[in-house]
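*Asks:* One structure is given below, represented as structure tokens, and several questions about it will come after.
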Amino acid sequence: MDFSSIPLLTITTFLPVVGALVVMVLRPKKTETAYAIGIATTALTLLSAILIWIRGFGPGLSLIEEFSWIPSIGIAYRLGIDGISFPLVLLTALLFLTALIFSAKIKEKANIFIQLVLMLETASLGVFLSLDLFLFYVFFEITLVGMYFVIAKWGHEHRKKAALTFFIYTLVGSLFLLLAFLALYLFSDPNTFDMRELIANPQITGLAATLTFWGLFIAFAIKTPLFPFHTWLPLAHTEAPAAGSAILAGVLLKLGTYGFIRFPLQMTPDAFREFSPYVIVIAVFTALYGAFVGLAQTDIKRMVAYTSVNHMGYLVFGIAIAAVTTTTSGMIALDGAVLQMISHGVVTGVLFLLVGALQDRTGTREMSEMSGLLKVYPILGWLFIVAAFASLGLPGLAHFPAEFQIFLGGFDVYPVAVGIIIIGLPLTTALYLRAIQKVFLGTLPKEFSGVSDLNRRELWAIVPLIAGTVIIGIYPNSLLSLIHATTNFFGL
Amino acid sequence: MATDLLNILPQLIVLVTAVTVLCLEMARRPLAGLWCLVIGMSAATGVAVDMLGTETTAFSTTFRVDALSLWAAAILSPATILFALLARAELKDQVREGTIYSLMVFAALGAMILAGSGDVMFLVLGILIGTLAGMAMAAHPRNDPSSEGAMKYFIYGSVAGAIMLFGLTYWVGLTGTTLISALINPDLSPVIVMFGFITLLAGIGYTASLFPFHFWIPDTFEGAPVSVAAYLSVVPKIGALFVLAQVVREIPVSVVDWPLILAVLAVLSMTFGNVVALWQDNVIRLLAYSTIAQSGYFLLGVIGMGQSGLAIDSLVVFGVAYALMNTGAFAITLAEGTRLDDFKGVGRRRPWHAVGMTIFLLSLVGMPPLAGFVGKFLLFGSAIESGYTWLAVIAILNSAISLAVYMRIVVPMFFQEAEEEQTKLYAPGTSFVWISTFILTIVAGIGVQWFLGGG
């Protein structure tokens, strides 16, 4: 069979659901069997994503797979990939694999948990690969339902409240997205839901474009999240199970930031340019707010959650810079923003897994109740320190090349804003150093009788992500070359 | 004449079915009546589906055979079968079981006549048939709550109907004809057209349970058998909303700004229905208020009539979706019980019931890829294309509130334990109803193309 005729994107997207169906039909009695099926499926999905890389794709949206769906109103099943969506697909496949390996300790209703996680993976991949507004929205919404049940069933003490807040809050956002999509459809001529058409010649103008832009902005600002739409995040991240938090932070937040690039930047570019000063102010504020509030946390998981808010601020700042200027600095900032998505996914994903491992051992997330743990858990401790250094932006680790590019690109256009936003860096440094000092250094309580250090299962989940962090840090060009080919193609 | 009769063949079949079922009840053969209903309504469905795409009128343009009236027949006939099966499951071997079947067919006939009305007389006839049959069904258990509910239904119906009749005489006096299409003349006196329209809204709003004509809904639903409440939540509503679309398409916006009036009603219905539903502890009352809200969403499609190419498609698709998801939700309520507490621990006892109910409720919220989502998607599109973006914004905020409403049922199913371990028995007919609507809610959401193209 001709290799190039295989619909790789469709296979990648729907492989997880096939795995979920296998679990549903077989109903394995032993949780080990169920996890074996689940992990095998996610591993195959990762393999399929790598095959996409091997086959190669152009700088523009390519490897298009299209089938007629609702022809009366111009809706079709359209998938495609470019240098912006591919790294996210790779990230999604990797994170779901590691998250599922990590959660293999969950015994309660394991079959259903695995099915939900696999469904979530299909939905997330679908969002990144969709080239049709309708299809995009379908996948976008399914992620909400899946995540709701993951948090509400397998989360920590306040899980129900956190899950419901997450569900309703983000539903409001996606409904605004729906309206914006309808506007994009109604103002295109001929009417179409085809994202390639809408990107190639954005037709919406005037007041309609302004309203559409703000509709998209609210939708993605809630998802990302940006201040003041972030209030669901700390709650949901803290209460979700460790793997759930890793997926939520690593993948689901990226739906928002990916949306910022795909929709406002590409489909309403003029409106984005016009309102970019507001977006920049919000982004700068978000970054600082996340860092300051993170500094005030005593719950280590909540602290990591707030650093997410901080990183998302940098990220959206980079996208807004790309909206303002069409010079090389815009492109540099956008490259940085896309890389930041991947770095944040890997680093925050592994941080949440490590915090989960820590909570399993100590039974608490309060930093004041932990001390000197490096002595009993050296592997866990050192890995946490590496991940924390990556998160605070140490050169040689994943966040540094991304943030450096964002600030570099931004410096050309808004030097003052860069001057302010950069305050976030010492703040995150401070909060991570303080956390390391409290939790891992100091003296171990005398009566401490801990269980063993990271076991094999946890290492299998955590080490690949740490490796990813180092690879991106040392050789960012592995991904940047792909990203840059596409941003260059945008003609920014 | 012969072609006229052929053009209304689906409605004729329903009429014949209704009379036959009634005769069988007189012979005390309820099961035979049920079979007759199933066969007759299946035939009506088949004929209606076969006729889809026809655009004509019957009886000197007084009855319209178009996308709306044919889809009404194609939606309501199979829906009636499902409701009859639910009624069988609930009321089996009770006295007067068979009357429910014949009344259901009569009320469906009323709704189908409504949906094709091109004439004021048909409109009044449709509302009266539906109301009288519905009232008798609501009173079926003959206990206090049901009698109270039926009485409210009847009195509100009489008053609203009388007001409507009074106002409609002005239209007839103004245009000299009972045809609705006569209103299209832009030189008519706006005051009188407006007066007629407002009174018409009283009649239709009552049947379709729009705010502020909704007062009978919660009590009547609570008192009536669950299957009858399910029936009343779907059949008369679809007929009434479709006839509203038939009427407003004839009224020039320059004479009466009916889109604005309907938009206000839509906002009130959606917001009132969803907010009050947040407070309910009885699932039937909760669903009753939610149907008021859903009527509000329907109006987004009516507003698009004549202004948006999506209007008729949106009404049809949401009509299909609404019939499916509401029927399914009532069917599971029939199996599990009417108090919120009855739903505790369903996820453990009967996981598939919990999954089914969740799907129906998420479809009511408008989650893709379910049927309710596509319906709302088209409704919002219709409103935006007609220039009512603000209405679409309010509608989406209401969708978010409705999520909170429906999660009040979902949460106890999965995350609370039942106080006493009881497994209520239920008839297999209920399973048939919910499983078929469950599959169709998903299939219709993905295969929506099949319902489009009504013009």
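Following the order of the structure tokens, chains are lettered A, B, ..., residues in each are numbered from 1, and ligands are numbered from 1.
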What are the residues of chain B lining chain A at 8 Å or less? Count only C-alpha atoms, and put the answer as a compact mmCIF listing (two decimals) with N, CA and C atoms, in the first residue's frame.
*Replies:*
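As a result, iface_22.txt now contains:
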# COMPACT_ATOMS: atom_id res chain seq x y z
N MET B 367 -24.34 20.34 23.96
CA MET B 367 -22.97 19.85 23.83
C MET B 367 -22.80 19.10 22.51
N PRO B 368 -21.78 19.40 21.76
CA PRO B 368 -21.54 18.62 20.57
C PRO B 368 -21.00 17.25 20.96
N PRO B 369 -21.09 16.26 20.11
CA PRO B 369 -21.73 16.27 18.79
C PRO B 369 -23.18 15.82 18.85
N PHE B 377 -26.90 25.37 17.38
CA PHE B 377 -25.94 25.98 16.46
C PHE B 377 -26.68 26.71 15.35
N PHE B 380 -28.71 29.77 16.75
CA PHE B 380 -27.86 30.94 16.98
C PHE B 380 -27.50 31.59 15.65
N GLY B 381 -27.19 30.75 14.66
CA GLY B 381 -26.85 31.28 13.35
C GLY B 381 -28.01 32.07 12.77
N ILE B 384 -28.22 35.44 14.57
CA ILE B 384 -27.15 36.38 14.20
C ILE B 384 -27.38 36.92 12.79
N GLU B 385 -27.77 36.02 11.89
CA GLU B 385 -27.98 36.47 10.51
C GLU B 385 -29.14 37.46 10.43
N ALA B 392 -28.53 36.27 20.70
CA ALA B 392 -27.70 35.06 20.70
C ALA B 392 -26.78 35.07 21.92
N VAL B 393 -26.26 36.25 22.30
CA VAL B 393 -25.38 36.32 23.48
C VAL B 393 -26.15 35.93 24.73
N ILE B 396 -26.66 32.22 24.85
CA ILE B 396 -25.53 31.39 25.27
C ILE B 396 -25.30 31.51 26.77
N LEU B 397 -25.53 32.70 27.32
CA LEU B 397 -25.38 32.80 28.77
C LEU B 397 -26.40 31.89 29.45
N ALA B 400 -25.30 28.39 29.65
CA ALA B 400 -24.40 28.13 30.77
C ALA B 400 -25.20 27.93 32.05
N ILE B 401 -26.26 28.75 32.24
CA ILE B 401 -27.09 28.53 33.44
C ILE B 401 -27.73 27.15 33.37
N LEU B 403 -26.65 24.53 32.11
CA LEU B 403 -25.71 23.47 32.49
C LEU B 403 -25.77 23.25 33.99
N ALA B 404 -25.82 24.37 34.74
CA ALA B 404 -25.91 24.25 36.19
C ALA B 404 -27.20 23.53 36.58
N PHE B 415 -22.11 10.85 41.78
CA PHE B 415 -21.25 11.17 42.90
C PHE B 415 -21.95 11.12 44.25
N GLY B 447 -25.41 13.06 11.85
CA GLY B 447 -25.97 12.97 10.50
C GLY B 447 -26.98 14.07 10.21
N VAL B 448 -26.71 15.26 10.67
CA VAL B 448 -27.71 16.34 10.57
C VAL B 448 -28.03 16.70 9.12
N GLN B 449 -27.13 16.39 8.23
CA GLN B 449 -27.35 16.73 6.82
C GLN B 449 -28.72 16.25 6.34
N LEU B 452 -31.56 18.75 6.63
CA LEU B 452 -31.42 20.10 6.09
C LEU B 452 -31.98 20.19 4.68
N GLY B 453 -32.04 21.40 4.19
CA GLY B 453 -32.47 21.61 2.82
C GLY B 453 -33.95 21.89 2.72
*Asks:* With a cut-off of 12 Å, could you pull out the residues of region 55-164 of chain A touching region 325-336 of chain A and give me the nearest pair of atoms for each, distance in Å to one decimal, using only C-alpha atoms, ordered by chain and ascending number, as a tab-separated table?
*Replies:*
residue	atom	partner	partner_atom	distance
A:Gly83	CA	A:Asp335	CA	10.2
A:Ile84	CA	A:Asp335	CA	9.0
A:Pro87	CA	A:Asp335	CA	11.8
*Asks:* Selected residues, N, CA, C and O atoms, written as a compact mmCIF listing (two decimals), in the first residue's frame, please.
*Replies:*
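The result, written out as part38.txt:
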# COMPACT_ATOMS: atom_id res chain seq x y z
N GLY A 83 3.40 23.68 10.94
CA GLY A 83 4.46 23.71 11.94
C GLY A 83 4.02 24.21 13.29
O GLY A 83 4.77 24.10 14.27
N ILE A 84 2.81 24.74 13.39
CA ILE A 84 2.33 25.18 14.70
C ILE A 84 1.55 24.07 15.37
O ILE A 84 1.71 23.83 16.57
N PRO A 87 3.95 20.41 16.60
CA PRO A 87 4.58 20.27 17.92
C PRO A 87 3.55 20.02 19.02
O PRO A 87 3.81 19.27 19.96
*Asks:* Check the DSSP output for the backbone and give back, as a PyMOL selection string, the residues of region 48-203 of chain A in alpha helix (DSSP H).
*Replies:* chain A and resi 48-55+85-102+110-129+133-154+159-186+195-200
*Asks:* For those residues, write C-alpha atoms to a file as an mmCIF file, in the first residue's frame.
*Replies:*
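Writing the result to out.cif gives the following:
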data_model
loop_
_atom_site.group_PDB
_atom_site.id
_atom_site.type_symbol
_atom_site.label_atom_id
_atom_site.label_comp_id
_atom_site.auth_asym_id
_atom_site.auth_seq_id
_atom_site.Cartn_x
_atom_site.Cartn_y
_atom_site.Cartn_z
ATOM 1 C CA SER A 48 1.600 7.656 14.650
ATOM 2 C CA ALA A 49 2.426 11.294 15.468
ATOM 3 C CA ILE A 50 6.115 10.575 14.865
ATOM 4 C CA LEU A 51 5.190 8.975 11.539
ATOM 5 C CA ILE A 52 3.598 12.293 10.551
ATOM 6 C CA TRP A 53 6.955 13.917 11.242
ATOM 7 C CA ILE A 54 8.770 11.302 9.187
ATOM 8 C CA ARG A 55 6.399 11.708 6.285
ATOM 9 C CA SER A 85 -0.057 22.315 15.230
ATOM 10 C CA PHE A 86 2.483 19.523 14.809
ATOM 11 C CA PRO A 87 4.583 20.265 17.917
ATOM 12 C CA LEU A 88 1.340 20.422 19.879
ATOM 13 C CA VAL A 89 0.223 17.064 18.508
ATOM 14 C CA LEU A 90 3.557 15.584 19.544
ATOM 15 C CA LEU A 91 3.252 17.169 22.981
ATOM 16 C CA THR A 92 -0.293 15.859 23.401
ATOM 17 C CA ALA A 93 0.678 12.324 22.429
ATOM 18 C CA LEU A 94 3.676 12.349 24.773
ATOM 19 C CA LEU A 95 1.858 13.850 27.744
ATOM 20 C CA PHE A 96 -1.098 11.494 27.541
ATOM 21 C CA LEU A 97 1.229 8.512 27.395
ATOM 22 C CA THR A 98 3.186 9.614 30.447
ATOM 23 C CA ALA A 99 0.072 10.716 32.322
ATOM 24 C CA LEU A 100 -1.528 7.336 31.798
ATOM 25 C CA ILE A 101 1.627 5.525 32.895
ATOM 26 C CA PHE A 102 1.747 7.704 35.986
ATOM 27 C CA ALA A 110 -9.953 2.190 36.351
ATOM 28 C CA ASN A 111 -11.722 1.126 33.156
ATOM 29 C CA ILE A 112 -13.835 4.247 33.048
ATOM 30 C CA PHE A 113 -10.879 6.449 33.945
ATOM 31 C CA ILE A 114 -8.882 5.046 31.043
ATOM 32 C CA GLN A 115 -11.768 5.480 28.634
ATOM 33 C CA LEU A 116 -12.228 9.092 29.686
ATOM 34 C CA VAL A 117 -8.529 9.873 29.349
ATOM 35 C CA LEU A 118 -8.402 8.285 25.914
ATOM 36 C CA MET A 119 -11.495 10.213 24.838
ATOM 37 C CA LEU A 120 -9.822 13.385 26.081
ATOM 38 C CA GLU A 121 -6.767 12.586 24.000
ATOM 39 C CA THR A 122 -8.808 12.193 20.820
ATOM 40 C CA ALA A 123 -10.609 15.445 21.519
ATOM 41 C CA SER A 124 -7.362 17.339 22.169
ATOM 42 C CA LEU A 125 -5.679 15.976 19.050
ATOM 43 C CA GLY A 126 -8.817 16.771 17.093
ATOM 44 C CA VAL A 127 -8.727 20.400 18.192
ATOM 45 C CA PHE A 128 -5.143 20.839 17.000
ATOM 46 C CA LEU A 129 -5.770 19.085 13.680
ATOM 47 C CA LEU A 133 -14.781 25.593 12.573
ATOM 48 C CA PHE A 134 -17.612 23.189 13.306
ATOM 49 C CA LEU A 135 -15.320 20.212 13.798
ATOM 50 C CA PHE A 136 -12.985 22.309 15.925
ATOM 51 C CA TYR A 137 -15.852 23.289 18.175
ATOM 52 C CA VAL A 138 -17.059 19.710 18.528
ATOM 53 C CA PHE A 139 -13.636 18.559 19.737
ATOM 54 C CA PHE A 140 -13.170 21.667 21.868
ATOM 55 C CA GLU A 141 -16.367 20.979 23.810
ATOM 56 C CA ILE A 142 -15.765 17.271 24.269
ATOM 57 C CA THR A 143 -12.599 18.102 26.203
ATOM 58 C CA LEU A 144 -14.768 19.907 28.761
ATOM 59 C CA VAL A 145 -17.034 16.950 29.407
ATOM 60 C CA GLY A 146 -14.135 14.525 29.687
ATOM 61 C CA MET A 147 -12.173 16.745 32.063
ATOM 62 C CA TYR A 148 -15.234 17.424 34.192
ATOM 63 C CA PHE A 149 -15.656 13.747 34.954
ATOM 64 C CA VAL A 150 -11.935 13.183 35.515
ATOM 65 C CA ILE A 151 -11.819 15.927 38.131
ATOM 66 C CA ALA A 152 -15.181 15.178 39.730
ATOM 67 C CA LYS A 153 -14.568 11.461 40.152
ATOM 68 C CA TRP A 154 -10.848 11.077 40.792
ATOM 69 C CA ARG A 159 -13.329 17.925 43.637
ATOM 70 C CA LYS A 160 -17.043 18.387 42.932
ATOM 71 C CA LYS A 161 -16.978 22.116 43.402
ATOM 72 C CA ALA A 162 -13.797 22.443 41.380
ATOM 73 C CA ALA A 163 -15.158 20.316 38.554
ATOM 74 C CA LEU A 164 -18.432 22.195 38.323
ATOM 75 C CA THR A 165 -16.681 25.564 38.400
ATOM 76 C CA PHE A 166 -14.368 24.407 35.657
ATOM 77 C CA PHE A 167 -17.234 23.068 33.559
ATOM 78 C CA ILE A 168 -19.532 26.085 33.761
ATOM 79 C CA TYR A 169 -16.780 28.665 33.534
ATOM 80 C CA THR A 170 -15.155 27.199 30.470
ATOM 81 C CA LEU A 171 -18.534 26.473 28.895
ATOM 82 C CA VAL A 172 -19.273 30.197 28.940
ATOM 83 C CA GLY A 173 -16.013 30.707 27.097
ATOM 84 C CA SER A 174 -16.693 28.126 24.468
ATOM 85 C CA LEU A 175 -20.176 29.495 23.866
ATOM 86 C CA PHE A 176 -18.641 32.836 22.989
ATOM 87 C CA LEU A 177 -16.417 30.893 20.663
ATOM 88 C CA LEU A 178 -19.518 29.444 19.032
ATOM 89 C CA LEU A 179 -20.917 32.899 18.380
ATOM 90 C CA ALA A 180 -17.640 34.105 16.945
ATOM 91 C CA PHE A 181 -17.519 31.064 14.669
ATOM 92 C CA LEU A 182 -21.030 31.780 13.437
ATOM 93 C CA ALA A 183 -20.016 35.358 12.721
ATOM 94 C CA LEU A 184 -16.951 34.188 10.797
ATOM 95 C CA TYR A 185 -19.216 31.901 8.793
ATOM 96 C CA LEU A 186 -21.927 34.439 8.088
ATOM 97 C CA MET A 195 -10.541 27.439 8.167
ATOM 98 C CA ARG A 196 -8.120 27.465 5.240
ATOM 99 C CA GLU A 197 -10.427 29.831 3.346
ATOM 100 C CA LEU A 198 -10.936 32.025 6.386
ATOM 101 C CA ILE A 199 -7.185 32.233 6.984
ATOM 102 C CA ALA A 200 -6.301 32.808 3.349
#
*Asks:* Please list as a ChimeraX atom specification every residue within 8 Å of Ser77 (chain B), counting only C-alpha atoms and excluding residues in the same chain fewer than 3 positions away.
*Replies:* /B:41-42,44-45,73-74,80-81,108
*Asks:* Those selected residues, please, written with N, CA, C and O atoms and delivered as a PDB file, in the first residue's frame.
*Replies:*
ATOM      1  N   MET B  41     -49.338   5.501  12.985  1.00  0.00           N
ATOM      2  CA  MET B  41     -48.381   6.593  13.050  1.00  0.00           C
ATOM      3  C   MET B  41     -47.136   6.268  12.237  1.00  0.00           C
ATOM      4  O   MET B  41     -46.509   7.163  11.659  1.00  0.00           O
ATOM      5  N   SER B  42     -46.765   4.980  12.169  1.00  0.00           N
ATOM      6  CA  SER B  42     -45.631   4.626  11.311  1.00  0.00           C
ATOM      7  C   SER B  42     -45.970   4.958   9.865  1.00  0.00           C
ATOM      8  O   SER B  42     -45.139   5.508   9.124  1.00  0.00           O
ATOM      9  N   ALA B  44     -48.069   7.191   8.806  1.00  0.00           N
ATOM     10  CA  ALA B  44     -48.060   8.653   8.639  1.00  0.00           C
ATOM     11  C   ALA B  44     -46.626   9.163   8.525  1.00  0.00           C
ATOM     12  O   ALA B  44     -46.328  10.032   7.694  1.00  0.00           O
ATOM     13  N   THR B  45     -45.730   8.603   9.347  1.00  0.00           N
ATOM     14  CA  THR B  45     -44.334   9.020   9.267  1.00  0.00           C
ATOM     15  C   THR B  45     -43.777   8.738   7.884  1.00  0.00           C
ATOM     16  O   THR B  45     -43.152   9.606   7.257  1.00  0.00           O
ATOM     17  N   ALA B  73     -45.247  16.556  10.874  1.00  0.00           N
ATOM     18  CA  ALA B  73     -45.830  15.209  10.809  1.00  0.00           C
ATOM     19  C   ALA B  73     -44.740  14.155  10.986  1.00  0.00           C
ATOM     20  O   ALA B  73     -44.932  13.156  11.688  1.00  0.00           O
ATOM     21  N   ALA B  74     -43.582  14.410  10.358  1.00  0.00           N
ATOM     22  CA  ALA B  74     -42.512  13.411  10.413  1.00  0.00           C
ATOM     23  C   ALA B  74     -41.868  13.339  11.794  1.00  0.00           C
ATOM     24  O   ALA B  74     -41.274  12.323  12.145  1.00  0.00           O
ATOM     25  N   THR B  80     -45.149  10.294  18.869  1.00  0.00           N
ATOM     26  CA  THR B  80     -46.372   9.818  19.511  1.00  0.00           C
ATOM     27  C   THR B  80     -46.282   8.324  19.817  1.00  0.00           C
ATOM     28  O   THR B  80     -46.743   7.861  20.861  1.00  0.00           O
ATOM     29  N   ILE B  81     -45.661   7.579  18.900  1.00  0.00           N
ATOM     30  CA  ILE B  81     -45.483   6.144  19.167  1.00  0.00           C
ATOM     31  C   ILE B  81     -44.681   5.951  20.451  1.00  0.00           C
ATOM     32  O   ILE B  81     -45.043   5.166  21.329  1.00  0.00           O
ATOM     33  N   ALA B 108     -51.916  14.944  18.680  1.00  0.00           N
ATOM     34  CA  ALA B 108     -50.883  15.039  17.649  1.00  0.00           C
ATOM     35  C   ALA B 108     -51.482  15.596  16.365  1.00  0.00           C
ATOM     36  O   ALA B 108     -50.874  16.414  15.665  1.00  0.00           O
TER      37      ALA B 108
END
*Asks:* Write down as a PyMOL selection string the residues belonging to region 28-253 of chain A that are assigned strand (DSSP E) by DSSP computed on the backbone.
*Replies:* chain A and resi 62-70+75-81
*Asks:* When you count only C-alpha atoms, which of these residues is closest to Gly223 (chain B): B:Gly239, B:Gly167, B:Pro259, B:Pro145?
*Replies:*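 Smallest distance to Gly223 (chain B) is found for B:Pro145.
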*Asks:* Using only C-alpha atoms, which protein or nucleic acid residues come within 9 Å of Leu248 (chain A)? Drop anything in the same chain fewer than 6 positions from it, and give the result as a list in words.
*Replies:*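 Counting only C-alpha atoms, the residues come to Met147, Ala236, His237, Ala240, Lys254 and Gly349 of chain A.
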*Asks:* Would you write out those residues with N, CA and C atoms, as a PDB file, in the first residue's frame?
*Replies:*
ATOM      1  N   MET A 147     -12.933  16.235  30.925  1.00  0.00           N
ATOM      2  CA  MET A 147     -12.173  16.745  32.063  1.00  0.00           C
ATOM      3  C   MET A 147     -13.058  16.892  33.286  1.00  0.00           C
ATOM      4  N   ALA A 236      -9.296  24.099  39.850  1.00  0.00           N
ATOM      5  CA  ALA A 236      -9.336  22.868  39.058  1.00  0.00           C
ATOM      6  C   ALA A 236      -7.993  22.139  39.115  1.00  0.00           C
ATOM      7  N   HIS A 237      -6.898  22.887  38.992  1.00  0.00           N
ATOM      8  CA  HIS A 237      -5.586  22.245  38.996  1.00  0.00           C
ATOM      9  C   HIS A 237      -5.283  21.606  40.325  1.00  0.00           C
ATOM     10  N   ALA A 240      -7.679  18.386  40.824  1.00  0.00           N
ATOM     11  CA  ALA A 240      -7.625  17.277  39.874  1.00  0.00           C
ATOM     12  C   ALA A 240      -6.594  16.258  40.332  1.00  0.00           C
ATOM     13  N   LYS A 254      -3.345  24.748  26.271  1.00  0.00           N
ATOM     14  CA  LYS A 254      -2.820  25.048  24.939  1.00  0.00           C
ATOM     15  C   LYS A 254      -3.940  25.203  23.921  1.00  0.00           C
ATOM     16  N   GLY A 349       3.800  19.791  33.021  1.00  0.00           N
ATOM     17  CA  GLY A 349       3.310  18.418  33.120  1.00  0.00           C
ATOM     18  C   GLY A 349       4.123  17.629  34.115  1.00  0.00           C
TER      19      GLY A 349
END
*Asks:* Give the answer as one residue: which of A:Ala435, A:Ala390, A:Ala104, A:Leu383 has the shortest atom-to-atom distance to Leu354 (chain A), using only C-alpha atoms?
*Replies:*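 Smallest separation from Leu354 (chain A) among the options: A:Leu383.
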*Asks:* Which residues come within 7 Å of region 331-347 of chain B, counting only C-alpha atoms, excluding same-chain residues fewer than 5 positions away, as a PyMOL selection string?
*Replies:* chain B and resi 86+226+281-284+353-354+357+409+412-414+416-418+424+426+430+433-434
*Asks:* Just give me the gap between CA of Ile261 (chain A) and CA of Ile218 (chain A) in Å, one decimal is fine.
*Replies:*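 Atom-to-atom, CA of Ile261 (chain A) and CA of Ile218 (chain A) are spaced 14.0 Å apart.
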*Asks:* Give me, as a ChimeraX atom specification, all polymer residues having an atom no more than 8 Å from Leu63 (chain A), counting only C-alpha atoms and skipping those fewer than 4 positions away in the same chain.
*Replies:* /A:9,57,79-81
*Asks:* Write out, as a PDB file, in the first residue's frame, the residues just selected, with N, CA and C atoms.
*Replies:*
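Final output, saved to selection_10.pdb:
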ATOM      1  N   LEU A   9      -3.442  11.533   9.784  1.00  0.00           N
ATOM      2  CA  LEU A   9      -3.986  12.464  10.781  1.00  0.00           C
ATOM      3  C   LEU A   9      -5.234  11.874  11.417  1.00  0.00           C
ATOM      4  N   PHE A  57       5.746  17.516   6.265  1.00  0.00           N
ATOM      5  CA  PHE A  57       4.618  18.359   5.863  1.00  0.00           C
ATOM      6  C   PHE A  57       5.169  19.714   5.494  1.00  0.00           C
ATOM      7  N   LEU A  79      -9.104  17.838   8.158  1.00  0.00           N
ATOM      8  CA  LEU A  79      -7.950  17.827   9.049  1.00  0.00           C
ATOM      9  C   LEU A  79      -6.727  18.278   8.268  1.00  0.00           C
ATOM     10  N   GLY A  80      -5.799  18.875   8.964  1.00  0.00           N
ATOM     11  CA  GLY A  80      -4.565  19.288   8.317  1.00  0.00           C
ATOM     12  C   GLY A  80      -3.565  19.655   9.391  1.00  0.00           C
ATOM     13  N   ILE A  81      -2.320  19.864   8.969  1.00  0.00           N
ATOM     14  CA  ILE A  81      -1.274  20.093   9.965  1.00  0.00           C
ATOM     15  C   ILE A  81      -0.285  21.102   9.423  1.00  0.00           C
TER      16      ILE A  81
END
*Asks:* Please compute the CA of Ala246 (chain A)-CA of Phe352 (chain A) distance, one decimal, in Å.
*Replies:*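 The value is 5.5 Å.
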*Asks:* When you look at Asn310 (chain A) with a cut-off of 6 Å (counting only C-alpha atoms), what residues show up, excluding the ones that are within fewer than 3 positions of it in the same chain? I need them as a ChimeraX atom specification.
*Replies:* /A:287,290-291,307,313
*Asks:* Output the selection as a PDB file, in the first residue's frame - all heavy atoms for each residue.
*Replies:*
ATOM      1  N   ALA A 287       0.929  37.917  33.701  1.00  0.00           N
ATOM      2  CA  ALA A 287       2.220  37.308  34.034  1.00  0.00           C
ATOM      3  C   ALA A 287       2.651  37.708  35.441  1.00  0.00           C
ATOM      4  O   ALA A 287       3.049  36.856  36.247  1.00  0.00           O
ATOM      5  CB  ALA A 287       3.264  37.731  33.009  1.00  0.00           C
ATOM      6  N   GLY A 290       0.235  36.240  38.161  1.00  0.00           N
ATOM      7  CA  GLY A 290       0.484  34.820  38.413  1.00  0.00           C
ATOM      8  C   GLY A 290       1.704  34.637  39.289  1.00  0.00           C
ATOM      9  O   GLY A 290       1.706  33.826  40.228  1.00  0.00           O
ATOM     10  N   ALA A 291       2.775  35.408  39.018  1.00  0.00           N
ATOM     11  CA  ALA A 291       4.000  35.261  39.790  1.00  0.00           C
ATOM     12  C   ALA A 291       3.803  35.714  41.237  1.00  0.00           C
ATOM     13  O   ALA A 291       4.206  35.019  42.179  1.00  0.00           O
ATOM     14  CB  ALA A 291       5.106  36.068  39.133  1.00  0.00           C
ATOM     15  N   THR A 307       2.084  29.422  38.638  1.00  0.00           N
ATOM     16  CA  THR A 307       3.162  29.690  37.696  1.00  0.00           C
ATOM     17  C   THR A 307       2.685  29.455  36.262  1.00  0.00           C
ATOM     18  O   THR A 307       3.184  30.070  35.330  1.00  0.00           O
ATOM     19  CB  THR A 307       4.395  28.812  37.956  1.00  0.00           C
ATOM     20  OG1 THR A 307       4.043  27.454  37.743  1.00  0.00           O
ATOM     21  CG2 THR A 307       4.938  29.008  39.328  1.00  0.00           C
ATOM     22  N   GLY A 313       0.890  34.239  30.580  1.00  0.00           N
ATOM     23  CA  GLY A 313       1.006  35.679  30.341  1.00  0.00           C
ATOM     24  C   GLY A 313       2.111  35.973  29.334  1.00  0.00           C
ATOM     25  O   GLY A 313       1.914  36.705  28.368  1.00  0.00           O
TER      26      GLY A 313
END
*Asks:* For each of A:Gly58, A:Ser391, A:Phe213, A:Lys105, take the minimum atom-to-atom distance to Glu32 (chain A), counting only C-alpha atoms, then give the residue where this is smallest.
*Replies:*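 Checking each of A:Gly58, A:Ser391, A:Phe213, A:Lys105 against Glu32 (chain A), counting only C-alpha atoms, the winner is A:Lys105.
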*Asks:* One number please: CA of Phe106 (chain B) to CA of Met270 (chain B), in Å, one decimal.
*Replies:*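 Those two atoms sit 29.3 Å apart.
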